[in-house]
>>> print(open('input.tsv').read())   # TSV, C-alpha atoms and all ligand atoms
chain	number	residue	atom	x	y	z
A	1	MET	CA	316.48	-23.59	33.21
A	2	GLN	CA	317.15	-26.42	30.83
A	3	VAL	CA	315.71	-29.77	31.76
A	4	SER	CA	316.44	-33.10	30.17
A	5	PRO	CA	313.97	-35.99	30.03
A	6	ILE	CA	315.58	-37.42	33.16
A	7	THR	CA	316.62	-35.60	36.33
A	8	LEU	CA	318.77	-37.58	38.75
A	9	GLY	CA	317.51	-37.86	42.33
A	10	THR	CA	319.86	-37.93	45.30
A	11	SER	CA	317.78	-38.72	48.38
A	12	PHE	CA	320.38	-41.19	49.67
A	13	LEU	CA	323.55	-39.48	48.45
A	14	GLY	CA	326.03	-39.34	51.34
A	15	ASN	CA	324.58	-42.41	53.07
A	16	PRO	CA	325.67	-44.24	55.06
A	17	PRO	CA	327.56	-41.61	57.04
A	18	THR	CA	330.97	-42.29	58.53
A	19	PRO	CA	331.04	-42.61	62.36
A	20	ASP	CA	331.72	-38.87	62.69
A	21	GLY	CA	328.61	-38.06	60.59
A	22	ALA	CA	330.47	-37.17	57.37
A	23	PRO	CA	329.25	-38.44	53.98
A	24	ALA	CA	330.38	-41.91	52.90
A	25	PRO	CA	333.66	-41.61	50.92
A	26	ALA	CA	332.14	-43.35	47.87
A	27	ALA	CA	329.60	-40.54	47.65
A	28	ASP	CA	332.13	-38.22	45.98
A	29	GLU	CA	332.51	-40.50	42.98
A	30	LEU	CA	328.73	-40.74	42.64
A	31	ALA	CA	328.31	-36.96	42.93
A	32	SER	CA	330.86	-36.49	40.16
A	33	ALA	CA	328.99	-38.97	37.94
A	34	LEU	CA	325.62	-37.33	38.69
A	35	LEU	CA	326.83	-33.81	37.87
A	36	GLY	CA	328.90	-34.89	34.87
A	37	GLY	CA	326.43	-37.36	33.36
A	38	PRO	CA	324.11	-37.04	30.38
A	39	TYR	CA	321.31	-35.21	32.21
A	40	ALA	CA	320.90	-31.49	32.85
A	41	ALA	CA	319.64	-31.49	36.41
A	42	VAL	CA	320.17	-33.12	39.78
A	43	ASP	CA	317.42	-33.06	42.42
A	44	THR	CA	318.33	-32.78	46.09
A	45	SER	CA	316.86	-31.31	49.26
A	46	ASN	CA	317.91	-29.58	52.45
A	47	ASN	CA	317.10	-32.71	54.45
A	48	TYR	CA	318.27	-35.54	52.15
A	49	ALA	CA	320.67	-37.72	54.13
A	50	GLN	CA	320.45	-35.05	56.85
A	51	GLY	CA	322.11	-32.51	54.59
A	52	ARG	CA	324.88	-34.80	53.38
A	53	SER	CA	323.36	-35.00	49.87
A	54	GLU	CA	323.87	-31.24	49.41
A	55	THR	CA	327.25	-31.36	51.15
A	56	VAL	CA	328.61	-33.98	48.75
A	57	LEU	CA	327.20	-32.18	45.71
A	58	GLY	CA	328.78	-28.98	47.01
A	59	ARG	CA	332.19	-30.68	47.32
A	60	GLU	CA	331.99	-31.75	43.70
A	61	LEU	CA	330.79	-28.31	42.57
A	62	ARG	CA	333.67	-26.61	44.39
A	63	ALA	CA	336.16	-29.04	42.82
A	64	ASN	CA	334.88	-29.03	39.25
A	65	GLY	CA	332.23	-26.33	38.94
A	66	LEU	CA	328.73	-26.60	37.50
A	67	GLY	CA	328.81	-27.41	33.80
A	68	ARG	CA	327.16	-25.13	31.28
A	69	GLY	CA	323.40	-25.74	31.04
A	70	ARG	CA	323.39	-27.84	34.21
A	71	SER	CA	321.37	-27.23	37.34
A	72	VAL	CA	321.05	-28.35	40.91
A	73	ILE	CA	317.48	-28.17	42.17
A	74	THR	CA	316.92	-28.24	45.90
A	75	LYS	CA	314.08	-27.92	48.37
A	76	VAL	CA	313.36	-26.11	51.61
A	77	ASP	CA	312.56	-28.28	54.59
A	78	ALA	CA	311.02	-27.75	58.00
A	79	ASP	CA	313.44	-27.13	60.88
A	80	PRO	CA	314.56	-30.66	61.84
A	81	GLU	CA	314.39	-29.86	65.57
A	82	THR	CA	311.20	-27.82	65.88
A	83	GLY	CA	309.26	-28.60	62.70
A	84	ALA	CA	308.94	-24.86	62.04
A	85	LEU	CA	308.24	-24.09	58.39
A	86	ASP	CA	307.45	-20.40	58.09
A	87	ARG	CA	308.90	-17.46	56.16
A	88	ASP	CA	312.01	-17.25	58.36
A	89	ARG	CA	312.66	-21.01	58.19
A	90	VAL	CA	312.43	-20.87	54.39
A	91	TRP	CA	315.17	-18.24	54.33
A	92	ARG	CA	317.35	-20.25	56.75
A	93	SER	CA	316.80	-23.45	54.75
A	94	PHE	CA	317.79	-21.59	51.56
A	95	GLU	CA	320.90	-20.20	53.26
A	96	GLU	CA	321.90	-23.65	54.59
A	97	SER	CA	321.43	-25.22	51.15
A	98	THR	CA	323.32	-22.55	49.21
A	99	ALA	CA	326.17	-22.65	51.77
A	100	ARG	CA	326.46	-26.44	51.41
A	101	LEU	CA	326.20	-26.33	47.63
A	102	GLY	CA	328.45	-23.29	47.21
A	103	LEU	CA	325.86	-21.71	44.91
A	104	SER	CA	324.37	-18.25	45.40
A	105	ARG	CA	321.34	-18.67	43.14
A	106	LEU	CA	319.10	-21.60	42.35
A	107	PRO	CA	317.01	-22.33	39.25
A	108	VAL	CA	314.18	-23.99	41.18
A	109	LEU	CA	313.54	-24.14	44.90
A	110	HIS	CA	310.70	-26.42	45.99
A	111	LEU	CA	308.69	-26.33	49.18
A	112	HIS	CA	309.34	-29.90	50.35
A	113	ASP	CA	306.85	-32.14	52.15
A	114	PRO	CA	305.18	-29.31	54.08
A	115	TYR	CA	303.48	-31.60	56.57
A	116	THR	CA	304.21	-29.71	59.81
A	117	VAL	CA	302.04	-26.76	58.74
A	118	THR	CA	298.66	-26.54	57.06
A	119	ALA	CA	298.40	-25.14	53.55
A	120	ASP	CA	296.51	-22.16	55.01
A	121	GLU	CA	299.44	-21.46	57.34
A	122	ALA	CA	301.98	-21.86	54.55
A	123	LEU	CA	300.05	-19.49	52.27
A	124	ALA	CA	299.30	-16.86	54.95
A	125	PRO	CA	301.43	-13.72	55.47
A	126	GLY	CA	304.63	-14.74	57.29
A	127	GLY	CA	304.20	-18.31	56.01
A	128	ALA	CA	306.60	-20.45	53.98
A	129	VAL	CA	305.23	-19.27	50.64
A	130	GLN	CA	306.00	-15.64	51.51
A	131	GLY	CA	309.64	-16.66	52.07
A	132	LEU	CA	309.76	-18.42	48.71
A	133	ARG	CA	308.19	-15.43	46.94
A	134	GLU	CA	310.74	-13.09	48.53
A	135	LEU	CA	313.60	-15.29	47.34
A	136	ARG	CA	312.16	-15.22	43.82
A	137	GLU	CA	311.55	-11.45	43.90
A	138	GLN	CA	315.14	-10.88	44.98
A	139	GLY	CA	316.39	-13.01	42.08
A	140	LEU	CA	317.94	-15.62	44.39
A	141	VAL	CA	315.75	-18.34	42.89
A	142	ALA	CA	314.33	-18.29	39.40
A	143	ALA	CA	311.29	-20.46	40.09
A	144	ILE	CA	309.49	-21.88	43.12
A	145	GLY	CA	307.90	-25.29	43.27
A	146	ILE	CA	305.81	-27.55	45.46
A	147	ALA	CA	307.19	-31.08	46.00
A	148	ALA	CA	305.14	-33.50	48.08
A	149	GLY	CA	302.87	-36.54	47.98
A	150	PRO	CA	299.22	-36.36	49.04
A	151	LEU	CA	297.09	-35.27	46.11
A	152	SER	CA	294.54	-33.16	48.00
A	153	LEU	CA	297.35	-31.13	49.55
A	154	MET	CA	299.18	-30.83	46.24
A	155	THR	CA	295.98	-29.71	44.51
A	156	ARG	CA	295.48	-26.99	47.15
A	157	TYR	CA	299.02	-25.68	46.56
A	158	VAL	CA	298.71	-25.83	42.78
A	159	ARG	CA	295.38	-23.96	42.89
A	160	SER	CA	296.92	-21.24	45.09
A	161	GLY	CA	298.65	-20.02	41.92
A	162	ALA	CA	301.80	-19.32	43.96
A	163	PHE	CA	304.07	-21.88	42.31
A	164	ASP	CA	305.93	-22.18	39.03
A	165	ALA	CA	306.63	-25.91	39.26
A	166	LEU	CA	305.29	-29.15	40.67
A	167	LEU	CA	307.07	-32.33	41.75
A	168	THR	CA	304.77	-35.27	42.29
A	169	HIS	CA	306.04	-38.72	43.22
A	170	ASN	CA	304.89	-42.33	43.03
A	171	ARG	CA	301.51	-41.18	41.73
A	172	TYR	CA	302.15	-41.31	38.01
A	173	THR	CA	303.71	-44.71	37.40
A	174	LEU	CA	302.81	-48.03	35.83
A	175	VAL	CA	300.93	-48.94	39.02
A	176	ASP	CA	299.46	-45.62	40.14
A	177	ARG	CA	298.01	-42.94	37.90
A	178	SER	CA	296.25	-40.88	40.53
A	179	ALA	CA	298.32	-37.74	39.81
A	180	GLU	CA	297.01	-37.50	36.24
A	181	PRO	CA	294.43	-34.74	37.03
A	182	LEU	CA	296.98	-32.87	39.17
A	183	ILE	CA	299.52	-32.91	36.35
A	184	ALA	CA	296.85	-31.73	33.90
A	185	GLU	CA	295.84	-28.86	36.19
A	186	ALA	CA	299.46	-27.79	36.73
A	187	THR	CA	299.97	-27.86	32.97
A	188	GLU	CA	296.92	-25.66	32.37
A	189	ARG	CA	298.48	-23.16	34.76
A	190	GLY	CA	301.74	-23.22	32.81
A	191	MET	CA	303.70	-24.90	35.61
A	192	GLY	CA	306.76	-27.07	35.10
A	193	VAL	CA	306.08	-30.72	35.94
A	194	PHE	CA	308.59	-33.10	37.51
A	195	ASN	CA	307.41	-36.69	37.91
A	196	ALA	CA	309.53	-38.44	40.54
A	197	ALA	CA	309.95	-42.10	41.46
A	198	PRO	CA	308.89	-43.78	38.17
A	199	PHE	CA	310.02	-47.09	39.71
A	200	GLY	CA	307.84	-46.46	42.77
A	201	GLY	CA	310.99	-46.22	44.88
A	202	GLY	CA	312.59	-49.31	43.30
A	203	LEU	CA	309.81	-51.95	43.05
A	204	LEU	CA	309.41	-51.55	39.29
A	205	ALA	CA	313.17	-51.75	38.85
A	206	GLY	CA	313.29	-55.00	40.82
A	207	ARG	CA	315.23	-53.33	43.65
A	208	THR	CA	312.71	-53.80	46.48
A	209	THR	CA	309.31	-55.38	47.15
A	210	ARG	CA	307.96	-52.11	48.59
A	211	TYR	CA	305.93	-49.57	46.60
A	212	ALA	CA	306.19	-45.90	47.52
A	213	TYR	CA	308.17	-46.85	50.63
A	214	ARG	CA	305.38	-49.12	51.96
A	215	ASP	CA	305.05	-52.91	52.00
A	216	SER	CA	303.31	-54.23	48.90
A	217	PRO	CA	300.25	-56.44	49.31
A	218	PRO	CA	300.24	-59.77	47.45
A	219	ASP	CA	297.71	-58.53	44.85
A	220	LEU	CA	300.06	-55.69	43.85
A	221	LEU	CA	303.01	-58.09	43.53
A	222	ALA	CA	300.81	-60.42	41.46
A	223	TRP	CA	299.79	-57.53	39.16
A	224	ILE	CA	303.44	-56.61	38.70
A	225	GLU	CA	304.30	-60.19	37.79
A	226	ARG	CA	301.55	-60.11	35.13
A	227	ALA	CA	302.93	-56.79	33.87
A	228	ARG	CA	306.45	-58.25	33.77
A	229	LEU	CA	305.25	-61.19	31.64
A	230	THR	CA	303.31	-58.83	29.36
A	231	CYS	CA	306.44	-56.71	28.90
A	232	GLN	CA	308.49	-59.83	28.20
A	233	ALA	CA	306.02	-60.91	25.52
A	234	HIS	CA	306.66	-57.56	23.81
A	235	GLY	CA	310.45	-57.86	24.15
A	236	VAL	CA	310.70	-55.12	26.80
A	237	ASP	CA	312.04	-55.29	30.36
A	238	LEU	CA	309.60	-54.13	33.04
A	239	PRO	CA	311.92	-51.33	34.31
A	240	VAL	CA	312.19	-49.97	30.75
A	241	ALA	CA	308.40	-49.87	30.47
A	242	ALA	CA	308.15	-48.22	33.90
A	243	LEU	CA	310.58	-45.50	32.85
A	244	HIS	CA	308.93	-44.96	29.46
A	245	PHE	CA	305.48	-44.74	31.06
A	246	SER	CA	306.60	-41.37	32.48
A	247	LEU	CA	308.92	-40.31	29.64
A	248	ARG	CA	306.20	-40.69	27.01
A	249	ASN	CA	303.76	-38.31	28.72
A	250	PRO	CA	304.23	-34.93	27.01
A	251	LEU	CA	302.93	-33.14	30.13
A	252	VAL	CA	305.91	-34.38	32.17
A	253	HIS	CA	308.89	-32.08	31.63
A	254	SER	CA	311.33	-34.31	33.47
A	255	THR	CA	311.22	-37.67	35.21
A	256	VAL	CA	313.18	-37.76	38.47
A	257	VAL	CA	314.94	-41.09	39.03
A	258	GLY	CA	316.90	-42.00	42.16
A	259	VAL	CA	320.33	-43.54	41.58
A	260	ASN	CA	322.65	-44.85	44.25
A	261	ALA	CA	325.46	-46.12	42.02
A	262	SER	CA	327.31	-44.47	39.14
A	263	ARG	CA	326.71	-47.40	36.80
A	264	ARG	CA	322.95	-46.78	37.01
A	265	ILE	CA	323.37	-43.59	34.95
A	266	ALA	CA	324.60	-45.44	31.86
A	267	ASP	CA	321.93	-48.10	32.48
A	268	LEU	CA	319.28	-45.39	32.56
A	269	GLU	CA	320.47	-43.86	29.33
A	270	ARG	CA	320.31	-47.28	27.65
A	271	MET	CA	316.80	-47.71	29.02
A	272	ARG	CA	315.76	-44.24	27.87
A	273	THR	CA	316.92	-44.90	24.31
A	274	THR	CA	315.30	-48.35	24.09
A	275	SER	CA	312.25	-48.30	21.85
A	276	VAL	CA	309.00	-49.59	23.28
A	277	PRO	CA	306.31	-50.89	20.92
A	278	GLU	CA	303.00	-49.01	21.07
A	279	ALA	CA	301.17	-52.34	21.42
A	280	LEU	CA	302.70	-52.81	24.88
A	281	TRP	CA	300.70	-49.91	26.31
A	282	THR	CA	297.45	-51.43	25.04
A	283	ALA	CA	298.40	-54.83	26.48
A	284	LEU	CA	299.28	-53.27	29.86
A	285	ALA	CA	295.98	-51.35	29.91
A	286	GLU	CA	294.20	-54.69	29.42
A	287	LEU	CA	295.63	-55.89	32.76
A	288	GLY	CA	293.17	-53.55	34.50
A	289	THR	CA	293.72	-50.99	37.24
A	290	PRO	CA	296.71	-51.92	39.36
A	291	PRO	CA	296.09	-52.24	43.13
A	292	SER	CA	298.31	-49.37	44.29
A	293	THR	CA	299.29	-48.89	47.94
A	294	ILE	CA	298.53	-45.17	47.70
A	295	ASP	CA	295.17	-44.14	49.08
A	296	ASP	CA	295.20	-40.30	49.18
B	1	LIG	N1	308.65	-35.30	48.22
B	1	LIG	C1	309.59	-35.23	47.30
B	1	LIG	O1	310.04	-34.16	46.93
B	1	LIG	C2	310.13	-36.50	46.67
B	1	LIG	C3	309.60	-37.75	47.01
B	1	LIG	C4	310.10	-38.88	46.38
B	1	LIG	C5	311.15	-38.77	45.48
B	1	LIG	N2	311.70	-37.54	45.20
B	1	LIG	C6	312.85	-37.39	44.28
B	1	LIG	O2	312.74	-38.35	43.27
B	1	LIG	C7	313.87	-39.22	43.28
B	1	LIG	C8	313.43	-40.58	42.82
B	1	LIG	O3	312.65	-41.23	43.80
B	1	LIG	P1	313.08	-42.62	44.45
B	1	LIG	O4	314.57	-42.74	44.39
B	1	LIG	O5	312.42	-42.72	45.76
B	1	LIG	O6	312.39	-43.71	43.53
B	1	LIG	P2	312.64	-44.30	42.06
B	1	LIG	O7	313.37	-43.34	41.22
B	1	LIG	O8	311.33	-44.80	41.61
B	1	LIG	O9	313.51	-45.59	42.35
B	1	LIG	C9	314.84	-45.54	42.75
B	1	LIG	C10	315.38	-46.96	42.71
B	1	LIG	O10	315.46	-47.36	41.34
B	1	LIG	C11	316.68	-48.00	41.12
B	1	LIG	N3	317.20	-47.68	39.78
B	1	LIG	C12	317.47	-46.46	39.27
B	1	LIG	N4	317.94	-46.57	38.02
B	1	LIG	C13	317.99	-47.91	37.75
B	1	LIG	C14	318.41	-48.65	36.65
B	1	LIG	N5	318.87	-48.05	35.57
B	1	LIG	N6	318.31	-50.00	36.72
B	1	LIG	C15	317.82	-50.60	37.84
B	1	LIG	N7	317.43	-49.95	38.94
B	1	LIG	C16	317.51	-48.61	38.88
B	1	LIG	C17	317.65	-47.47	42.14
B	1	LIG	O11	318.52	-48.52	42.42
B	1	LIG	P3	319.92	-48.36	43.18
B	1	LIG	O12	319.54	-48.16	44.61
B	1	LIG	O13	320.60	-49.64	42.95
B	1	LIG	O14	320.63	-47.20	42.56
B	1	LIG	C18	316.76	-47.10	43.31
B	1	LIG	O15	316.72	-48.16	44.24
B	1	LIG	C19	314.44	-39.10	44.69
B	1	LIG	O16	315.80	-39.45	44.75
B	1	LIG	C20	314.19	-37.65	44.97
B	1	LIG	O17	315.19	-36.86	44.35
B	1	LIG	C21	311.19	-36.41	45.77
>>> encode(input="input.tsv", output="structure tokens")
Amino acid sequence: MQVSPITLGTSFLGNPPTPDGAPAPAADELASALLGGPYAAVDTSNNYAQGRSETVLGRELRANGLGRGRSVITKVDADPETGALDRDRVWRSFEESTARLGLSRLPVLHLHDPYTVTADEALAPGGAVQGLRELREQGLVAAIGIAAGPLSLMTRYVRSGAFDALLTHNRYTLVDRSAEPLIAEATERGMGVFNAAPFGGGLLAGRTTRYAYRDSPPDLLAWIERARLTCQAHGVDLPVAALHFSLRNPLVHSTVVGVNASRRIADLERMRTTSVPEALWTALAELGTPPSTIDD
């Protein structure tokens, strides 16, 4: 598949639902902008917005098709009722996703947040990874990936050698670099690397005071204020630096950014094409290790 430096994330697409559980009407316009924008891929999942993210993308794909060179990447999720995440659930999740999207084949299918099973269970015969391998062998997906948070779990999956791609999140940003060894190991194995949530879920874009979906302690907010002033002294906005921190790493094939409004896409492209002076990275390094909220 082709990837562009940025992949657009859709974890909230289709929210809030209408009273009958359908996607919000404004979601169609956003889906059209996401699939028609400057970037090659859109990232979704079976469980984003309880399936509405895929449903809205599917409506747009049925109306206007998938442009040449463009991709929709999705993920298999545990059964929302039972938590089951085995070989059979992987097939059902794939079938649900492809039915919603109106696509028969997928370029990448990730195993998403596999927290209801152990890695040993997922990798054993009859486990989730067997289902993913079968889908790949049958040509229904071109590549299989692992998309989750905790680094020890991610390392176990990467070392299994079963996966073609990795999606890490919130662990390779201006305030948390803990995924650096994981990214390096995935690269040595020839895996594709997606780095998601370069704004830490919105904190580094000034959209929230939470980092990685958790409340930020005062020392983290103070570090970010120092980083913002350092960026300002170099003529760069903090969100631009946060985005470029990921974009400039040659081991990251694509940076996955969540957008909840169409106008963000043009904003992102302006940010991507803004030049950042090399001296800024030295000045930011001099601020010392940021006090991240992530402790895995
Ligand atoms: N386990 C997993 O597989 C996993 C976990 C986390 C994330 N992901 C993927 O990665 C994507 C990104 O993660 P995320 O959305 O949590 O975090 P993120 O990309 O770090 O931050 C998203 C926030 O940044 C804001 N933003 C985006 N572009 C902006 C711009 N140009 N200017 C100002 N603000 C901007 C958005 O604001 P608005 O709300 O105003 O648009 C949104 O609130 C997800 O959507 C998902 O596809 C996957």
>>> closest_atom_pairs(input="input.tsv", of="chain A", to="ligand LIG 1 (chain B)", cutoff="6 Å", atoms="all atoms listed in the file", output="CSV")
residue,atom,partner,partner_atom,distance
A:Gly9,CA,B:LIG1,O17,3.2
A:Thr10,CA,B:LIG1,O16,4.4
A:Ser11,CA,B:LIG1,O16,4.2
A:Asp43,CA,B:LIG1,O17,4.8
A:Thr44,CA,B:LIG1,O17,5.4
A:His112,CA,B:LIG1,O1,5.5
A:Asp113,CA,B:LIG1,N1,5.4
A:Ala147,CA,B:LIG1,O1,4.3
A:Ala148,CA,B:LIG1,N1,3.9
A:Gly149,CA,B:LIG1,N1,5.9
A:His169,CA,B:LIG1,C4,5.1
A:Ala196,CA,B:LIG1,O2,4.2
A:Ala197,CA,B:LIG1,O8,3.0
A:Pro198,CA,B:LIG1,O8,4.3
A:Phe199,CA,B:LIG1,O8,3.3
A:Gly200,CA,B:LIG1,O8,4.0
A:Gly201,CA,B:LIG1,O6,3.2
A:Gly202,CA,B:LIG1,C10,3.7
A:Ala205,CA,B:LIG1,N7,4.6
A:Arg207,CA,B:LIG1,O15,5.4
A:Val256,CA,B:LIG1,O2,4.9
A:Val257,CA,B:LIG1,O7,3.5
A:Gly258,CA,B:LIG1,O4,3.3
A:Val259,CA,B:LIG1,O14,3.8
A:Asn260,CA,B:LIG1,O14,3.5
A:Ala261,CA,B:LIG1,O14,5.0
A:Arg264,CA,B:LIG1,N5,4.5
A:Asp267,CA,B:LIG1,N5,4.3
A:Leu268,CA,B:LIG1,N5,4.0
>>> atom_distance(input="input.tsv", atom1="CA of Pro125 (chain A)", atom2="CA of Asp77 (chain A)")
18.3 Å
>>> closest_residue(input="input.tsv", among="A:Ala119, A:Leu8, A:Gly127, A:Trp281", to="Met154 (chain A)", atoms="only C-alpha atoms")
A:Ala119
>>> residues_around(input="input.tsv", residues="region 51-66 of chain A", least_positions_apart="2", cutoff="10 Å", atoms="only C-alpha atoms", output="NGL selection string")
:A and (9-17 or 21-25 or 27-36 or 42-49 or 68-72 or 74 or 96-103)
>>> atom_distance(input="input.tsv", atom1="CA of His244 (chain A)", atom2="CA of Thr209 (chain A)")
20.5 Å
